[in-house]
Every structure is written in structure tokens, then in C-alpha cells.
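File shown here: model00.csv, holding CSV, C-alpha atoms.
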chain,number,residue,atom,x,y,z
A,1,MET,CA,133.5,47.9,30.2
A,2,ARG,CA,135.2,44.8,28.7
A,3,ALA,CA,133.7,43.8,25.4
A,4,GLY,CA,134.3,40.6,23.5
A,5,ARG,CA,133.5,40.1,19.9
A,6,PRO,CA,134.3,37.3,17.4
A,7,ARG,CA,136.3,38.7,14.6
A,8,SER,CA,138.2,42.0,14.1
A,9,HIS,CA,138.4,41.5,10.4
A,10,GLY,CA,134.8,41.5,9.3
A,11,PHE,CA,133.0,44.4,7.7
A,12,VAL,CA,131.0,45.5,10.7
A,13,GLY,CA,133.7,44.5,13.2
A,14,ARG,CA,136.3,46.8,11.6
A,15,ALA,CA,134.0,49.7,12.3
A,16,LEU,CA,132.7,48.5,15.7
A,17,VAL,CA,136.1,47.8,17.4
A,18,PRO,CA,137.3,51.5,17.3
A,19,ALA,CA,133.9,52.6,18.7
A,20,LEU,CA,134.2,50.1,21.5
A,21,ALA,CA,137.8,50.8,22.2
A,22,LYS,CA,136.9,54.4,23.1
A,23,ARG,CA,134.7,52.9,25.9
A,24,GLY,CA,137.0,50.3,27.3
A,25,GLU,CA,139.1,47.1,26.7
A,26,VAL,CA,138.1,45.1,23.7
A,27,ILE,CA,138.8,41.3,23.3
A,28,ALA,CA,138.7,40.1,19.7
A,29,VAL,CA,137.9,36.4,19.5
A,30,SER,CA,138.6,34.5,16.3
A,31,ARG,CA,139.9,31.1,15.3
A,32,ARG,CA,143.4,32.5,15.2
A,33,ALA,CA,144.7,35.2,17.5
A,34,THR,CA,146.1,38.1,15.5
A,35,ALA,CA,148.3,41.1,16.4
A,36,PRO,CA,146.2,43.9,18.1
A,37,GLU,CA,145.2,46.7,15.7
A,38,LEU,CA,144.5,49.3,18.4
A,39,PRO,CA,145.6,50.2,21.9
A,40,GLY,CA,143.3,48.4,24.3
A,41,LEU,CA,142.6,45.6,21.9
A,42,ARG,CA,143.5,42.0,22.8
A,43,SER,CA,143.2,39.1,20.4
A,44,VAL,CA,142.2,35.6,21.7
A,45,ALA,CA,142.0,32.4,19.8
A,46,ALA,CA,138.8,30.3,20.2
A,47,GLY,CA,136.4,28.4,18.1
A,48,LEU,CA,132.9,29.7,18.5
A,49,THR,CA,131.4,26.3,17.6
A,50,ASP,CA,133.3,24.9,20.6
A,51,GLY,CA,131.4,25.7,23.8
A,52,GLU,CA,134.3,25.2,26.1
A,53,SER,CA,136.7,27.4,24.2
A,54,THR,CA,134.0,30.1,23.8
A,55,ARG,CA,133.3,30.1,27.5
A,56,GLY,CA,137.0,30.4,28.3
A,57,ALA,CA,137.5,33.3,25.8
A,58,LEU,CA,134.5,35.2,27.1
A,59,GLU,CA,135.1,34.7,30.8
A,60,GLY,CA,134.8,38.0,32.6
A,61,VAL,CA,133.4,39.8,29.5
A,62,ASP,CA,130.5,42.2,30.2
A,63,VAL,CA,129.2,42.6,26.6
A,64,ALA,CA,129.9,40.3,23.6
A,65,TYR,CA,129.1,40.7,19.9
A,66,HIS,CA,128.5,37.8,17.6
A,67,LEU,CA,128.8,39.4,14.2
A,68,VAL,CA,127.9,36.6,11.9
A,69,HIS,CA,124.9,37.1,9.6
A,70,SER,CA,122.0,34.6,10.0
A,71,LEU,CA,123.9,32.1,12.2
A,72,GLY,CA,122.8,31.0,15.6
A,73,ALA,CA,124.7,31.7,18.7
A,74,ARG,CA,124.2,28.5,20.7
A,75,ASN,CA,127.7,28.5,22.2
A,76,PHE,CA,127.7,32.3,22.7
A,77,SER,CA,126.7,34.4,25.7
A,78,VAL,CA,123.2,34.3,27.1
A,79,PRO,CA,120.9,36.1,27.5
A,80,LEU,CA,121.2,37.6,24.1
A,81,THR,CA,120.0,40.7,22.4
A,82,THR,CA,119.6,40.2,18.7
A,83,LEU,CA,119.8,42.9,16.1
A,84,TRP,CA,118.7,41.9,12.6
A,85,ALA,CA,119.7,44.1,9.6
A,86,ALA,CA,118.7,43.2,6.1
A,87,VAL,CA,121.6,45.0,4.4
A,88,VAL,CA,124.4,47.0,6.1
A,89,VAL,CA,125.6,49.5,3.5
A,90,GLY,CA,129.1,50.8,3.2
A,91,ARG,CA,132.4,50.2,1.4
A,92,GLY,CA,133.4,46.6,2.1
A,93,SER,CA,129.9,45.3,2.6
A,94,ALA,CA,129.4,42.2,0.4
A,95,ALA,CA,125.9,43.4,-0.7
A,96,PHE,CA,127.2,46.9,-1.4
A,97,GLU,CA,130.2,45.7,-3.3
A,98,THR,CA,128.1,43.3,-5.4
A,99,ILE,CA,125.8,46.2,-6.4
A,100,VAL,CA,128.7,48.5,-7.1
A,101,THR,CA,130.2,45.8,-9.4
A,102,LEU,CA,126.8,45.4,-11.2
A,103,VAL,CA,126.6,49.2,-11.7
A,104,ASP,CA,130.3,49.4,-12.9
A,105,ARG,CA,130.2,46.5,-15.2
A,106,LEU,CA,126.7,46.2,-16.5
A,107,PRO,CA,125.2,49.4,-18.0
A,108,MET,CA,122.2,47.3,-18.9
A,109,MET,CA,121.0,44.0,-17.7
A,110,VAL,CA,118.0,41.7,-17.6
A,111,ALA,CA,116.8,42.3,-14.1
A,112,PRO,CA,116.3,39.2,-12.0
A,113,ARG,CA,113.2,38.9,-9.8
A,114,TRP,CA,115.1,39.8,-6.6
A,115,VAL,CA,115.5,43.4,-7.7
A,116,SER,CA,111.8,44.0,-6.9
A,117,THR,CA,112.3,42.6,-3.3
A,118,PRO,CA,111.8,45.3,-0.7
A,119,THR,CA,114.6,45.8,1.8
A,120,GLN,CA,115.5,48.3,4.5
A,121,PRO,CA,119.2,49.0,4.3
A,122,ILE,CA,121.1,50.6,7.2
A,123,ALA,CA,124.3,52.6,6.9
A,124,LEU,CA,127.4,51.1,8.6
A,125,THR,CA,127.7,54.1,10.9
A,126,ASP,CA,124.1,53.7,12.0
A,127,MET,CA,124.6,49.9,12.6
A,128,VAL,CA,127.6,50.6,14.8
A,129,ARG,CA,125.5,53.2,16.7
A,130,CYS,CA,122.8,50.6,17.3
A,131,LEU,CA,125.3,48.0,18.4
A,132,THR,CA,127.1,50.3,20.9
A,133,GLY,CA,123.8,51.8,22.0
A,134,VAL,CA,122.2,48.4,23.1
A,135,ALA,CA,125.3,47.3,25.0
A,136,GLY,CA,124.6,46.8,28.7
A,137,ARG,CA,120.9,47.7,28.4
A,138,THR,CA,119.2,45.1,30.7
A,139,GLU,CA,115.8,45.9,29.2
A,140,ALA,CA,117.1,44.7,25.8
A,141,LEU,CA,118.3,41.3,27.1
A,142,GLY,CA,116.4,38.4,25.5
A,143,GLU,CA,114.9,40.8,22.9
A,144,SER,CA,115.2,40.8,19.1
A,145,PHE,CA,115.1,44.0,17.1
A,146,ASP,CA,115.0,44.6,13.4
A,147,VAL,CA,117.2,47.6,12.5
A,148,GLY,CA,117.3,49.5,9.3
A,149,GLY,CA,117.6,53.0,7.8
A,150,PRO,CA,114.7,55.3,7.3
A,151,ASP,CA,113.7,54.0,3.8
A,152,VAL,CA,112.2,50.8,2.6
A,153,ILE,CA,113.3,50.4,-1.0
A,154,THR,CA,113.7,47.6,-3.5
A,155,TYR,CA,117.0,46.2,-4.5
A,156,GLY,CA,116.4,47.8,-7.9
A,157,GLU,CA,116.0,51.2,-6.3
A,158,MET,CA,119.2,50.6,-4.3
A,159,ILE,CA,121.0,49.9,-7.5
A,160,GLN,CA,119.7,53.1,-9.0
A,161,ARG,CA,120.8,55.1,-5.9
A,162,ILE,CA,124.2,53.6,-5.9
A,163,ARG,CA,124.5,54.3,-9.7
A,164,GLY,CA,123.6,58.0,-9.0
A,165,CYS,CA,126.1,58.3,-6.2
A,166,ALA,CA,128.8,56.8,-8.4
A,167,GLY,CA,128.1,59.6,-10.9
A,168,ASN,CA,127.2,56.9,-13.4
A,169,GLY,CA,124.2,58.2,-15.2
A,170,ARG,CA,123.7,55.2,-17.4

Would you mind writing the file out in C-alpha cells?
Amino acid sequence: MRAGRPRSHGFVGRALVPALAKRGEVIAVSRRATAPELPGLRSVAAGLTDGESTRGALEGVDVAYHLVHSLGARNFSVPLTTLWAAVVVGRGSAAFETIVTLVDRLPMMVAPRWVSTPTQPIALTDMVRCLTGVAGRTEALGESFDVGGPDVITYGEMIQRIRGCAGNGR
């Protein structure tokens, strides 16, 4: 299987590429080609907002991943399978790092309204499992799936859990 994906340097991409490389050749597409990080990885320069360069970069690719949160994939491969995750949790995730910073630096704070917003975070390893599991599944083409972990919690509860994991009993 040949798999193409946009960036090898993003949070999810760094975890996804090794999983895909175990299954076949991986082509990393980004604005600037970079040196391959793994055997079986090839880097190709293309602008994903430029339909012509995207088509050229993805020619012959069986499965492609567009790993950009909340952005459309108009110039990307069709038909698409879309996986929506509210928060992907793991070291390096922007949401996770923001919460860790809050926990580390603010033993107490006036809580903004968003801390009571429910969310369904998913662990990075589970997100990679979902992404690799849907690859090549014709019954998933044209479908959209919400993916998340087993718990629906508020951002406030997530802050408390991360505080507990950090051994920070404030």
C-alpha cells in the first residue's frame, strides 16, 4: 500500500508515519520536501491549496491523510472518509500542552466558561489506530465519523485528571 499524507512534522503525523511505514511506502507531502526520517518514507513538496501540485504529489497513491484540524480538503483526494476528533491527547498536542502549562503555572485560577464545556478526548495511540484502521475500507468512503475516547468529560475535569497524572495535588 502506498500512503500519502501532508506533513511529517505535525503532532498526529509524527505518530502515524511509523505505523504506516510498517505497512508500506509512505509519501510525506508538505510545502517543502524534507529529508526522510524513516526507511520507506519519501518527502514530496506540494502546496495543498494548489490543486495541480496536489494531484501530482498524490498520483498513484492508494490512501491519503489530510491531517489539518477543521480545514476542508477541496484539493485533496476524493472520495473522502472524515474522522473528527475533539481533542487528541498526548505529549506534543497543542490542547494537552496548554492544559499542562495551566496546571504547572496556575495552582489556582478564575475558571473561564469553556472549562464546563463537554468534550470527548482521544489518546494519540487510539487516534492512530482509527486512522490506520479506516485506510482502504471502501464502506467508509464518503462517510464522516466522530472519534473519541470512552469518556465524555468537561475541560475542567480534563484539567483535574492531568493535574493528578502530573502528581500535582494542588

Need to verify the contact set: range 135-145 of chain A, 8 Å, all atoms listed in the file, exclusion of same-chain residues closer than 5 positions in sequence. Can you return it as a count of residues only? 8

Contacts of Thr132 in chain A within 12 Å, all atoms listed in the file, excl. fewer than 2 positions in-chain, as a PyMOL selection string: chain A and resi 1+3+12-13+15-24+63-65+83+125-130+134-137

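With all atoms listed in the file as the atoms that count, the minimum distance from Thr119 in chain A to the choices A:Thr98, A:Ser93, A:Thr154, A:Thr49 is reached by A:Thr154.
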
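Take CA of Gly92 in chain A and CA of Glu25 in chain A: the distance between them is 25.3 Å.
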
Shortest interatomic distance to Ile153 in chain A - which of A:Ala94, A:Val87, A:Leu131, A:Cys165, counting only C-alpha atoms: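 Checking each candidate against Ile153 in chain A, we get A:Val87 as the closest.
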